[in-house]
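Undergrad: Input file: model08.pdb. Contents: PDB, C-alpha atoms.
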ATOM      1  CA  MET A  23       0.000   0.000   0.000
ATOM      2  CA  LYS A  24       1.279   3.446  -0.955
ATOM      3  CA  ILE A  25      -0.148   6.620   0.637
ATOM      4  CA  ARG A  26       0.703   9.992  -0.880
ATOM      5  CA  ALA A  27      -0.451  13.155   0.864
ATOM      6  CA  SER A  28      -1.815  16.078  -1.114
ATOM      7  CA  GLU A  29      -0.325  19.560  -0.859
ATOM      8  CA  LYS A  30      -3.391  20.750   1.054
ATOM      9  CA  THR A  31      -4.137  20.460   4.770
ATOM     10  CA  LEU A  32      -6.256  17.367   4.022
ATOM     11  CA  GLY A  33      -6.520  14.621   1.452
ATOM     12  CA  ALA A  34      -4.268  11.752   0.343
ATOM     13  CA  TYR A  35      -4.074   9.232  -2.505
ATOM     14  CA  VAL A  36      -3.896   5.514  -1.785
ATOM     15  CA  GLU A  37      -2.468   3.129  -4.373
ATOM     16  CA  GLU A  38      -1.878  -0.615  -4.523
ATOM     17  CA  ALA A  39      -4.495  -1.338  -1.876
ATOM     18  CA  ASP A  40      -7.039  -4.118  -2.341
ATOM     19  CA  LEU A  41     -10.035  -3.004  -0.296
ATOM     20  CA  THR A  42     -11.679  -6.389  -0.790
ATOM     21  CA  ASP A  43      -8.853  -8.255   0.921
ATOM     22  CA  LEU A  44      -7.151  -6.053   3.493
ATOM     23  CA  SER A  45      -5.036  -7.671   6.162
ATOM     24  CA  ASP A  46      -5.409  -6.428   9.732
ATOM     25  CA  ALA A  47      -2.145  -4.526   9.379
ATOM     26  CA  GLU A  48      -3.270  -2.907   6.125
ATOM     27  CA  TRP A  49      -6.615  -1.901   7.628
ATOM     28  CA  LYS A  50      -4.821  -0.368  10.611
ATOM     29  CA  GLU A  51      -2.550   1.589   8.264
ATOM     30  CA  LEU A  52      -5.480   2.735   6.132
ATOM     31  CA  LYS A  53      -7.520   3.775   9.164
ATOM     32  CA  LYS A  54      -4.566   5.747  10.547
ATOM     33  CA  ALA A  55      -4.198   7.582   7.236
ATOM     34  CA  PHE A  56      -7.936   8.256   7.139
ATOM     35  CA  LEU A  57      -7.894   9.891  10.562
ATOM     36  CA  GLU A  58      -4.841  11.955   9.598
ATOM     37  CA  TYR A  59      -5.912  13.143   6.135
ATOM     38  CA  ALA A  60      -9.742  12.958   6.482
ATOM     39  CA  VAL A  61     -10.142  12.265   2.725
ATOM     40  CA  LEU A  62      -8.642   9.252   0.932
ATOM     41  CA  VAL A  63      -8.783   8.774  -2.845
ATOM     42  CA  LEU A  64      -8.273   5.333  -4.413
ATOM     43  CA  PRO A  65      -7.983   5.779  -8.194
ATOM     44  CA  GLU A  66      -9.776   3.430 -10.586
ATOM     45  CA  VAL A  67     -10.405   0.512  -8.233
ATOM     46  CA  PHE A  68     -13.859  -0.267  -9.738
ATOM     47  CA  LEU A  69     -15.557  -1.680  -6.648
ATOM     48  CA  THR A  70     -18.825  -3.546  -7.101
ATOM     49  CA  THR A  71     -21.854  -2.535  -5.038
ATOM     50  CA  SER A  72     -21.393  -5.375  -2.564
ATOM     51  CA  GLN A  73     -17.657  -4.719  -2.278
ATOM     52  CA  GLN A  74     -18.242  -1.038  -1.529
ATOM     53  CA  GLU A  75     -20.893  -1.860   1.049
ATOM     54  CA  ARG A  76     -18.747  -4.457   2.802
ATOM     55  CA  PHE A  77     -15.763  -2.135   2.951
ATOM     56  CA  SER A  78     -17.862   0.808   4.195
ATOM     57  CA  GLU A  79     -19.233  -1.385   6.980
ATOM     58  CA  ARG A  80     -15.727  -1.683   8.417
ATOM     59  CA  PHE A  81     -16.287   1.857   9.731
ATOM     60  CA  GLY A  82     -19.662   1.026  11.287
ATOM     61  CA  LYS A  83     -23.344   0.528  10.539
ATOM     62  CA  LEU A  84     -24.580   1.914   7.226
ATOM     63  CA  ASP A  85     -27.340   4.491   7.114
ATOM     64  CA  ILE A  86     -30.204   3.242   4.933
ATOM     65  CA  LEU A  87     -31.231   6.345   2.993
ATOM     66  CA  THR A  88     -33.463   4.746   0.369
ATOM     67  CA  GLY A  89     -36.281   3.705   2.712
ATOM     68  CA  ASN A  90     -35.716   0.068   1.716
ATOM     69  CA  PRO A  91     -33.751  -1.859   4.387
ATOM     70  CA  LEU A  92     -32.439  -4.235   1.726
ATOM     71  CA  ILE A  93     -30.825  -1.442  -0.320
ATOM     72  CA  LYS A  94     -27.763  -0.028   1.411
ATOM     73  CA  SER A  95     -26.329   2.074  -1.430
ATOM     74  CA  LEU A  96     -27.749   5.354  -2.676
ATOM     75  CA  TYR A  97     -27.189   6.491  -6.253
ATOM     76  CA  VAL A  98     -26.539  10.218  -6.355
ATOM     77  CA  CYS A  99     -27.311  11.062  -9.945
ATOM     78  CA  ASN A 100     -29.202  13.210 -12.436
ATOM     79  CA  VAL A 101     -30.955  10.298 -14.176
ATOM     80  CA  ASN A 102     -34.184   8.383 -13.536
ATOM     81  CA  GLU A 103     -34.573   4.617 -13.148
ATOM     82  CA  SER A 104     -34.626   4.242 -16.932
ATOM     83  CA  GLY A 105     -31.311   6.049 -17.268
ATOM     84  CA  GLU A 106     -32.824   9.180 -18.814
ATOM     85  CA  VAL A 107     -31.320  12.507 -17.778
ATOM     86  CA  LEU A 108     -33.676  14.408 -15.488
ATOM     87  CA  PRO A 109     -34.903  17.870 -16.483
ATOM     88  CA  MET A 110     -33.511  20.647 -14.341
ATOM     89  CA  ASP A 111     -36.929  21.389 -12.805
ATOM     90  CA  ASP A 112     -37.376  17.785 -11.604
ATOM     91  CA  GLU A 113     -37.684  17.545  -7.795
ATOM     92  CA  ASN A 114     -35.083  14.797  -7.466
ATOM     93  CA  PHE A 115     -32.596  16.678  -9.610
ATOM     94  CA  ARG A 116     -33.098  19.854  -7.577
ATOM     95  CA  ILE A 117     -32.281  17.857  -4.450
ATOM     96  CA  VAL A 118     -29.078  16.638  -6.097
ATOM     97  CA  ARG A 119     -28.217  20.227  -7.074
ATOM     98  CA  GLY A 120     -28.183  21.058  -3.372
ATOM     99  CA  ASN A 121     -24.970  19.044  -3.141
ATOM    100  CA  GLU A 122     -23.215  21.887  -4.936
ATOM    101  CA  TYR A 123     -23.181  23.819  -1.645
ATOM    102  CA  TRP A 124     -20.843  23.113   1.260
ATOM    103  CA  HIS A 125     -22.335  20.591   3.685
ATOM    104  CA  THR A 126     -21.673  17.588   5.881
ATOM    105  CA  ASP A 127     -23.797  14.478   5.398
ATOM    106  CA  SER A 128     -26.763  13.872   7.703
ATOM    107  CA  SER A 129     -26.157  16.849   9.990
ATOM    108  CA  TYR A 130     -29.936  17.417   9.754
ATOM    109  CA  MET A 131     -30.647  13.926  11.140
ATOM    110  CA  ARG A 132     -30.670  12.995  14.831
ATOM    111  CA  ILE A 133     -27.485  10.956  14.359
ATOM    112  CA  SER A 134     -25.142  12.571  11.878
ATOM    113  CA  ALA A 135     -22.847  10.649   9.548
ATOM    114  CA  LYS A 136     -19.414   9.388  10.494
ATOM    115  CA  VAL A 137     -17.993   8.374   7.112
ATOM    116  CA  SER A 138     -19.149   8.707   3.502
ATOM    117  CA  CYS A 139     -17.886   6.704   0.520
ATOM    118  CA  LEU A 140     -18.395   7.468  -3.158
ATOM    119  CA  SER A 141     -17.669   5.572  -6.379
ATOM    120  CA  ALA A 142     -17.746   7.061  -9.875
ATOM    121  CA  LEU A 143     -19.944   5.014 -12.231
ATOM    122  CA  THR A 144     -20.835   7.463 -15.023
ATOM    123  CA  LEU A 145     -19.237  10.866 -15.566
ATOM    124  CA  PRO A 146     -19.892  13.922 -17.744
ATOM    125  CA  ASP A 147     -17.242  15.057 -20.206
ATOM    126  CA  SER A 148     -16.100  17.811 -17.848
ATOM    127  CA  GLY A 149     -16.932  19.343 -14.475
ATOM    128  CA  GLY A 150     -18.494  17.493 -11.563
ATOM    129  CA  GLU A 151     -15.341  17.546  -9.434
ATOM    130  CA  THR A 152     -15.782  17.090  -5.686
ATOM    131  CA  GLN A 153     -14.175  19.414  -3.152
ATOM    132  CA  TRP A 154     -13.606  18.934   0.562
ATOM    133  CA  ALA A 155     -12.813  21.656   3.104
ATOM    134  CA  ASP A 156     -10.784  21.006   6.257
ATOM    135  CA  MET A 157     -12.729  22.185   9.299
ATOM    136  CA  ARG A 158      -9.889  21.173  11.648
ATOM    137  CA  ALA A 159      -7.390  23.485   9.988
ATOM    138  CA  ALA A 160     -10.062  26.197   9.778
ATOM    139  CA  TYR A 161     -10.627  26.058  13.544
ATOM    140  CA  ASP A 162      -6.869  26.132  14.151
ATOM    141  CA  GLU A 163      -6.599  29.367  12.144
ATOM    142  CA  LEU A 164      -9.445  31.206  13.887
ATOM    143  CA  ASP A 165      -8.451  34.165  16.027
ATOM    144  CA  GLN A 166      -8.926  33.747  19.769
ATOM    145  CA  GLU A 167     -11.788  36.249  19.914
ATOM    146  CA  THR A 168     -13.825  34.220  17.414
ATOM    147  CA  ARG A 169     -12.981  30.975  19.207
ATOM    148  CA  ASN A 170     -14.232  32.461  22.455
ATOM    149  CA  ARG A 171     -17.405  33.683  20.769
ATOM    150  CA  ILE A 172     -18.387  30.343  19.281
ATOM    151  CA  GLU A 173     -17.128  28.069  22.071
ATOM    152  CA  HIS A 174     -20.551  27.531  23.642
ATOM    153  CA  LEU A 175     -22.784  28.201  20.617
ATOM    154  CA  SER A 176     -24.898  25.646  18.759
ATOM    155  CA  ALA A 177     -26.943  25.777  15.561
ATOM    156  CA  TYR A 178     -30.063  23.990  14.363
ATOM    157  CA  HIS A 179     -29.583  21.928  11.202
ATOM    158  CA  SER A 180     -32.466  21.455   8.782
ATOM    159  CA  PHE A 181     -32.786  19.964   5.295
ATOM    160  CA  TYR A 182     -36.067  21.882   4.968
ATOM    161  CA  PHE A 183     -34.186  25.134   5.496
ATOM    162  CA  SER A 184     -31.296  24.377   3.161
ATOM    163  CA  GLN A 185     -33.554  23.304   0.297
ATOM    164  CA  GLU A 186     -35.956  26.185   0.761
ATOM    165  CA  THR A 187     -33.091  28.628   0.327
ATOM    166  CA  LEU A 188     -32.737  27.054  -3.147
ATOM    167  CA  GLY A 189     -36.441  27.556  -3.849
ATOM    168  CA  GLN A 190     -37.577  23.994  -3.187
ATOM    169  CA  ARG A 191     -40.242  22.785  -0.786
ATOM    170  CA  VAL A 192     -39.176  19.379   0.512
ATOM    171  CA  GLU A 193     -41.826  16.686   0.655
ATOM    172  CA  VAL A 194     -41.912  14.155   3.475
ATOM    173  CA  GLY A 195     -41.064  10.609   2.488
ATOM    174  CA  SER A 196     -38.354  11.460  -0.011
ATOM    175  CA  LYS A 197     -34.966   9.789   0.229
ATOM    176  CA  TYR A 198     -31.873  11.112   2.028
ATOM    177  CA  GLY A 199     -33.382  10.506   5.461
ATOM    178  CA  PHE A 200     -35.048  13.816   6.264
ATOM    179  CA  HIS A 201     -38.223  13.828   8.325
ATOM    180  CA  ARG A 202     -40.435  16.004  10.512
ATOM    181  CA  ASP A 203     -39.108  15.011  13.917
ATOM    182  CA  GLY A 204     -37.504  18.412  14.471
ATOM    183  CA  ALA A 205     -34.119  20.032  13.899
ATOM    184  CA  PRO A 206     -31.045  18.680  15.734
ATOM    185  CA  LEU A 207     -29.085  21.235  17.716
ATOM    186  CA  ARG A 208     -25.342  20.828  17.153
ATOM    187  CA  THR A 209     -22.350  22.652  18.603
ATOM    188  CA  LEU A 210     -20.428  24.926  16.246
ATOM    189  CA  VAL A 211     -17.206  23.301  17.443
ATOM    190  CA  LYS A 212     -17.070  19.506  17.310
ATOM    191  CA  VAL A 213     -14.324  17.531  19.020
ATOM    192  CA  HIS A 214     -13.439  14.451  16.980
ATOM    193  CA  SER A 215     -14.253  11.308  18.930
ATOM    194  CA  GLU A 216     -11.111   9.449  17.766
ATOM    195  CA  THR A 217      -8.447  12.111  17.286
ATOM    196  CA  GLY A 218      -9.570  14.670  19.872
ATOM    197  CA  ARG A 219      -9.048  17.506  17.371
ATOM    198  CA  PRO A 220     -11.607  20.336  17.433
ATOM    199  CA  ALA A 221     -13.228  21.322  14.131
ATOM    200  CA  LEU A 222     -15.912  23.699  12.949
ATOM    201  CA  TYR A 223     -19.233  21.934  12.434
ATOM    202  CA  ILE A 224     -21.240  24.114  10.085
ATOM    203  CA  GLY A 225     -22.498  23.778   6.483
ATOM    204  CA  ARG A 226     -25.568  24.740   4.480
ATOM    205  CA  HIS A 227     -28.023  22.892   6.752
ATOM    206  CA  ALA A 228     -27.143  25.111   9.769
ATOM    207  CA  TYR A 229     -29.574  28.010  10.083
ATOM    208  CA  ARG A 230     -30.431  29.271  13.578
ATOM    209  CA  ILE A 231     -28.354  29.823  16.733
ATOM    210  CA  PRO A 232     -30.151  30.041  20.094
ATOM    211  CA  GLY A 233     -29.287  33.262  21.873
ATOM    212  CA  LEU A 234     -28.612  35.189  18.660
ATOM    213  CA  LEU A 235     -30.918  37.168  16.424
ATOM    214  CA  ASP A 236     -31.488  35.329  13.150
ATOM    215  CA  GLN A 237     -29.652  38.020  11.181
ATOM    216  CA  ASP A 238     -26.657  37.801  13.518
ATOM    217  CA  ALA A 239     -26.680  34.006  13.279
ATOM    218  CA  ARG A 240     -26.732  34.111   9.489
ATOM    219  CA  GLU A 241     -23.856  36.578   9.427
ATOM    220  CA  LEU A 242     -21.775  34.474  11.817
ATOM    221  CA  LEU A 243     -22.398  31.227   9.937
ATOM    222  CA  SER A 244     -21.651  32.922   6.623
ATOM    223  CA  TYR A 245     -18.411  34.369   7.993
ATOM    224  CA  LEU A 246     -17.273  30.993   9.327
ATOM    225  CA  MET A 247     -18.091  29.290   6.024
ATOM    226  CA  ASP A 248     -16.258  31.883   3.938
ATOM    227  CA  PHE A 249     -13.250  31.770   6.254
ATOM    228  CA  ALA A 250     -13.064  27.988   6.429
ATOM    229  CA  CYS A 251     -13.467  27.066   2.765
ATOM    230  CA  LYS A 252     -10.334  28.714   1.420
ATOM    231  CA  PRO A 253      -6.932  27.414   0.229
ATOM    232  CA  PRO A 254      -4.921  25.600   1.440
ATOM    233  CA  ARG A 255      -7.849  24.054   3.313
ATOM    234  CA  VAL A 256      -9.693  22.884   0.164
ATOM    235  CA  PHE A 257      -8.837  19.610  -1.579
ATOM    236  CA  GLU A 258     -10.359  18.887  -5.009
ATOM    237  CA  HIS A 259     -10.639  15.594  -6.867
ATOM    238  CA  LYS A 260     -11.264  15.315 -10.600
ATOM    239  CA  TRP A 261     -13.011  11.989 -11.059
ATOM    240  CA  ASN A 262     -12.132   9.118 -13.358
ATOM    241  CA  LEU A 263     -14.386   6.108 -13.803
ATOM    242  CA  GLY A 264     -13.922   3.598 -11.011
ATOM    243  CA  ASP A 265     -12.443   6.072  -8.536
ATOM    244  CA  PHE A 266     -13.405   5.493  -4.903
ATOM    245  CA  VAL A 267     -13.225   8.185  -2.218
ATOM    246  CA  MET A 268     -13.930   8.055   1.518
ATOM    247  CA  TRP A 269     -14.160  11.063   3.814
ATOM    248  CA  ASP A 270     -14.701  11.915   7.468
ATOM    249  CA  ASN A 271     -17.918  13.885   7.984
ATOM    250  CA  ARG A 272     -16.879  14.703  11.541
ATOM    251  CA  CYS A 273     -14.278  17.205  10.368
ATOM    252  CA  VAL A 274     -14.780  18.137   6.686
ATOM    253  CA  LEU A 275     -17.369  19.809   4.481
ATOM    254  CA  HIS A 276     -17.801  18.799   0.852
ATOM    255  CA  ARG A 277     -19.540  19.872  -2.347
ATOM    256  CA  VAL A 278     -19.747  18.891  -6.018
ATOM    257  CA  ARG A 279     -18.861  21.405  -8.707
ATOM    258  CA  PRO A 280     -21.218  22.220 -11.614
ATOM    259  CA  TYR A 281     -21.135  20.220 -14.852
ATOM    260  CA  ASP A 282     -23.103  19.843 -18.091
ATOM    261  CA  TYR A 283     -26.496  18.764 -16.706
ATOM    262  CA  SER A 284     -27.555  17.375 -20.074
ATOM    263  CA  GLN A 285     -25.012  14.591 -19.520
ATOM    264  CA  PRO A 286     -25.463  11.792 -16.973
ATOM    265  CA  ARG A 287     -23.465  11.745 -13.740
ATOM    266  CA  ILE A 288     -23.983   8.658 -11.556
ATOM    267  CA  MET A 289     -22.197   8.095  -8.257
ATOM    268  CA  ARG A 290     -22.686   5.213  -5.810
ATOM    269  CA  HIS A 291     -22.869   6.479  -2.238
ATOM    270  CA  THR A 292     -22.618   4.604   1.058
ATOM    271  CA  ARG A 293     -22.942   6.463   4.340
ATOM    272  CA  VAL A 294     -21.834   5.218   7.749
ATOM    273  CA  LYS A 295     -23.984   6.293  10.671
ATOM    274  CA  GLY A 296     -22.168   8.059  13.486
ATOM    275  CA  ASP A 297     -21.961   6.809  17.031
ATOM    276  CA  GLU A 298     -24.935   7.640  19.255
ATOM    277  CA  GLN A 299     -22.728   9.063  22.003
ATOM    278  CA  THR A 300     -20.735  11.419  19.786
ATOM    279  CA  GLU A 301     -22.886  12.127  16.705
ATOM    280  CA  GLY A 302     -26.317  11.959  18.324
ATOM    281  CA  ALA A 303     -28.203  15.182  19.031
ATOM    282  CA  PRO A 304     -31.585  15.996  20.543
ATOM    283  CA  MET A 305     -34.232  16.748  17.933
ATOM    284  CA  THR A 306     -35.224  20.099  19.368
ATOM    285  CA  LYS A 307     -37.924  22.102  17.646
ATOM    286  CA  SER A 308     -36.710  25.628  17.100
ATOM    287  CA  GLU A 309     -38.807  28.576  18.189
ATOM    288  CA  GLN A 310     -39.728  29.501  14.631
ATOM    289  CA  PRO A 311     -39.790  27.536  11.363
ATOM    290  CA  PRO A 312     -37.109  28.567   8.879
ATOM    291  CA  TYR A 313     -38.074  31.229   6.373
ATOM    292  CA  GLY A 314     -41.816  30.701   6.499
ATOM    293  CA  LEU A 315     -41.879  26.933   6.224
ATOM    294  CA  SER A 316     -44.414  25.080   8.321
ATOM    295  CA  ALA A 317     -42.935  23.890  11.588
ATOM    296  CA  PRO A 318     -42.023  20.179  11.675
ATOM    297  CA  GLU A 319     -44.958  18.109  12.866
TER     298      GLU A 319
END
Show me the file's structure as structure tokens.

TA:
Amino acid sequence: MKIRASEKTLGAYVEEADLTDLSDAEWKELKKAFLEYAVLVLPEVFLTTSQQERFSERFGKLDILTGNPLIKSLYVCNVNESGEVLPMDDENFRIVRGNEYWHTDSSYMRISAKVSCLSALTLPDSGGETQWADMRAAYDELDQETRNRIEHLSAYHSFYFSQETLGQRVEVGSKYGFHRDGAPLRTLVKVHSETGRPALYIGRHAYRIPGLLDQDARELLSYLMDFACKPPRVFEHKWNLGDFVMWDNRCVLHRVRPYDYSQPRIMRHTRVKGDEQTEGAPMTKSEQPPYGLSAPE
């Protein structure tokens, strides 16, 4: 196994690793690199669905986002079940377009995600790169006054809010695991359960901070996002078919870059549920629904 770090504060490339037949020593080495670099890219390994699922389960229990307990993988794509490219006004495609904004997976669910894994199955001719931003390095670079300000603050996270800001009313029962149980309240600074490193925990789903006026909360969250997602804290991967990437949702944000939406882009996604003790959060209903949406029932 060869591990080559990127020139950014996160991200590394792993070569000559067989994820379907890792020895205990190789798994230990891979896991160590994962915790250090937060994003690992394995070029052109062409995992099957079952191989990706079995490997992802080494990190923990998979989140079932399709609503079908027998289907563990989610296909993040701009095509329908017949393989036809979705029109840009299609509800499912508009949900996928939300991935173009910085976020961490499942922060709007009671138990947020630990690890996400993605395989490239079909790619457009250009565009569609994925970027990750290092929230550990961002926290390290914050001035002490800002650290003191956010130390005890938390924000509600809501998929309803984040999609409404894009002009879409989310319907209950869709995939991706959102529901009407309320909005989890999560600290702005998250201490990693395995490394102990503090990191900003923000993203597009965060929308209201108890104790702050909504305008002040929006300004603070916007400032933190703009500050955090800058070089050298951003790692970008240009996909080739068969590439496999895993990342640590506990300390990075990610987003996909725009591409030619008339061309298909199909990615296989597996998501590992976080630990109850460290990624669980109370589903607290906020005082007001976001931006005029009906309050969760």

Undergrad: Taking all atoms listed in the file into account, produce a table as CSV in which each residue of segment 139-204 of chain A with an atom at most 10 Å from an atom of segment 277-292 of chain A appears once, together with its shortest atom pair and the distance in Å to one decimal, ordered by chain and rising number.

TA:
residue,atom,partner,partner_atom,distance
A:Cys139,CA,A:Thr292,CA,5.2
A:Leu140,CA,A:His291,CA,4.7
A:Ser141,CA,A:Arg290,CA,5.1
A:Ala142,CA,A:Met289,CA,4.8
A:Leu143,CA,A:Ile288,CA,5.5
A:Thr144,CA,A:Ile288,CA,4.8
A:Leu145,CA,A:Arg287,CA,4.7
A:Pro146,CA,A:Gln285,CA,5.5
A:Asp147,CA,A:Gln285,CA,7.8
A:Ser148,CA,A:Tyr281,CA,6.3
A:Gly149,CA,A:Tyr281,CA,4.3
A:Gly150,CA,A:Arg279,CA,4.9
A:Glu151,CA,A:Arg279,CA,5.3
A:Thr152,CA,A:Val278,CA,4.4
A:Gln153,CA,A:Arg277,CA,5.4
A:Trp154,CA,A:Arg277,CA,6.7
A:Ala155,CA,A:Arg277,CA,8.8

Undergrad: I need the output of the PyMOL selection byres ((chain A and resi 64) around 10) for this file as a list of chain:residue names; which residues are they?

TA: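 Taken on the displayed file, the PyMOL selection byres ((chain A and resi 64) around 10) yields the residues A:Ile25, A:Ala34, A:Tyr35, A:Val36, A:Glu37, A:Glu38, A:Ala39, A:Asp40, A:Leu41, A:Leu62, A:Val63, A:Pro65, A:Glu66, A:Val67, A:Phe68, A:Ser141, A:Gly264, A:Asp265, A:Phe266, A:Val267, A:Met268.
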
Undergrad: Can you pull out the residues contacting Arg255 of chain A? Cut-off 7 Å, using all atoms listed in the file, and skip same-chain residues under 2 positions away; I want them as a PyMOL selection string.

TA: chain A and resi 30-32+155-156+159+251-253+257

Undergrad: Could you jot down the atom CA of Gln73 of chain A to atom CA of Lys94 of chain A separation for me, Å, one decimal place?

TA: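 These two atoms are separated by 11.7 Å.
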
Undergrad: If you count only C-alpha atoms, which residues fall within 7 Å of Pro206 of chain A, apart from same-chain ones fewer than 2 positions away, as a ChimeraX atom specification?

TA: /A:130-132,178-179,204,208,303-306

Undergrad: Report the distance between atom CA of Ser215 of chain A and atom CA of Ser95 of chain A in Å, rounded to one decimal place.

TA: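 Separation between atom CA of Ser215 of chain A and atom CA of Ser95 of chain A: 25.4 Å.
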
Undergrad: How many Å lie between atom CA of Leu96 of chain A and atom CA of Cys273 of chain A, rounded to one decimal?

TA: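 So the two atoms, atom CA of Leu96 of chain A and atom CA of Cys273 of chain A, lie 22.2 Å apart.
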
Undergrad: Using all atoms listed in the file - which residues lie no farther than 8 Å from the point (-7.2, 11.3, 14.3) in the file's frame? Write them as a ChimeraX atom specification.

TA: /A:54,56-58,214,216-219

Undergrad: Please expand the PyMOL selection byres ((chain A and resi 115-121) around 10) into the concrete residues it hits in this file, giving the result as number ranges by chain.

TA: A: 98-102, 107-114, 122-127, 152, 181, 184-185, 187-190, 192, 196-198, 226, 276-280, 283

Undergrad: Starting from the displayed file, determine the output of the PyMOL selection byres ((chain A and resi 270) around 6) and express the residue list as a list of chain:residue names.

TA: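 Applying the PyMOL selection byres ((chain A and resi 270) around 6) to the structure shown produces A:Ala60, A:Val137, A:Trp269, A:Asn271, A:Arg272.
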
Undergrad: Just give me the residues with any atom within 12 Å of (-18.9, 35.4, 12.4), file coordinates, counting all atoms listed in the file, written as a list in words.

TA: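 These residues have at least one counted atom within 12 Å: Leu164, Asp165, Glu167, Thr168, Arg169, Asn170, Arg171, Ile172, Leu175, Leu210, Ile224, Ile231, Leu234, Gln237, Asp238, Ala239, Arg240, Glu241, Leu242, Leu243, Ser244, Tyr245, Leu246, Met247, Asp248, Phe249 and Ala250 of chain A.
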
Undergrad: Taking only C-alpha atoms into account, name the residue in A:Glu258, A:Asp236, A:Glu173, A:Glu29 that is nearest to Leu222 of chain A.

TA: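 Residue with the minimum atom-to-atom distance to Leu222 of chain A: A:Glu173.
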
Undergrad: Can you work out which one of A:Asp162, A:Glu48, A:Glu79, A:Glu298 has the shortest atom-to-atom distance to Met23 of chain A, counting only C-alpha atoms?

TA: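 Ranked by minimum distance to Met23 of chain A, first place goes to A:Glu48.
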
Undergrad: Check the smallest atom-to-atom distance from each of A:Tyr97, A:Asp297, A:Gly89, A:Thr209 to Thr71 of chain A using only C-alpha atoms, then report the winner.

TA: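 That would be A:Tyr97, the residue with the smallest distance to Thr71 of chain A.
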
Undergrad: Kindly output segment 39-43 of chain A as a short mmCIF file (atom, residue, chain, number, x, y, z; two decimals), in the frame of the given file, after building all heavy atoms.

TA:
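Saved result, part37.cif, follows:
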data_model
loop_
_atom_site.label_atom_id
_atom_site.label_comp_id
_atom_site.auth_asym_id
_atom_site.auth_seq_id
_atom_site.Cartn_x
_atom_site.Cartn_y
_atom_site.Cartn_z
N ALA A 39 -3.75 -0.81 -3.03
CA ALA A 39 -4.50 -1.34 -1.88
C ALA A 39 -5.71 -2.08 -2.39
O ALA A 39 -6.50 -1.54 -3.16
CB ALA A 39 -4.92 -0.20 -0.95
N ASP A 40 -5.88 -3.32 -1.96
CA ASP A 40 -7.04 -4.12 -2.34
C ASP A 40 -8.06 -4.05 -1.21
O ASP A 40 -7.92 -4.74 -0.20
CB ASP A 40 -6.61 -5.56 -2.60
CG ASP A 40 -7.78 -6.44 -3.08
OD1 ASP A 40 -8.92 -5.93 -3.16
OD2 ASP A 40 -7.54 -7.63 -3.34
N LEU A 41 -9.06 -3.20 -1.37
CA LEU A 41 -10.04 -3.00 -0.30
C LEU A 41 -10.88 -4.24 -0.04
O LEU A 41 -11.53 -4.34 1.00
CB LEU A 41 -10.95 -1.82 -0.63
CG LEU A 41 -10.28 -0.46 -0.76
CD1 LEU A 41 -11.34 0.64 -0.94
CD2 LEU A 41 -9.40 -0.15 0.43
N THR A 42 -10.88 -5.17 -0.97
CA THR A 42 -11.68 -6.39 -0.79
C THR A 42 -10.93 -7.46 0.00
O THR A 42 -11.52 -8.48 0.37
CB THR A 42 -12.09 -6.97 -2.16
OG1 THR A 42 -10.92 -7.46 -2.84
CG2 THR A 42 -12.77 -5.91 -3.01
N ASP A 43 -9.65 -7.23 0.24
CA ASP A 43 -8.85 -8.26 0.92
C ASP A 43 -7.74 -7.61 1.74
O ASP A 43 -6.56 -7.90 1.56
CB ASP A 43 -8.27 -9.23 -0.11
CG ASP A 43 -7.59 -10.44 0.54
OD1 ASP A 43 -8.01 -10.82 1.65
OD2 ASP A 43 -6.65 -10.99 -0.06
#
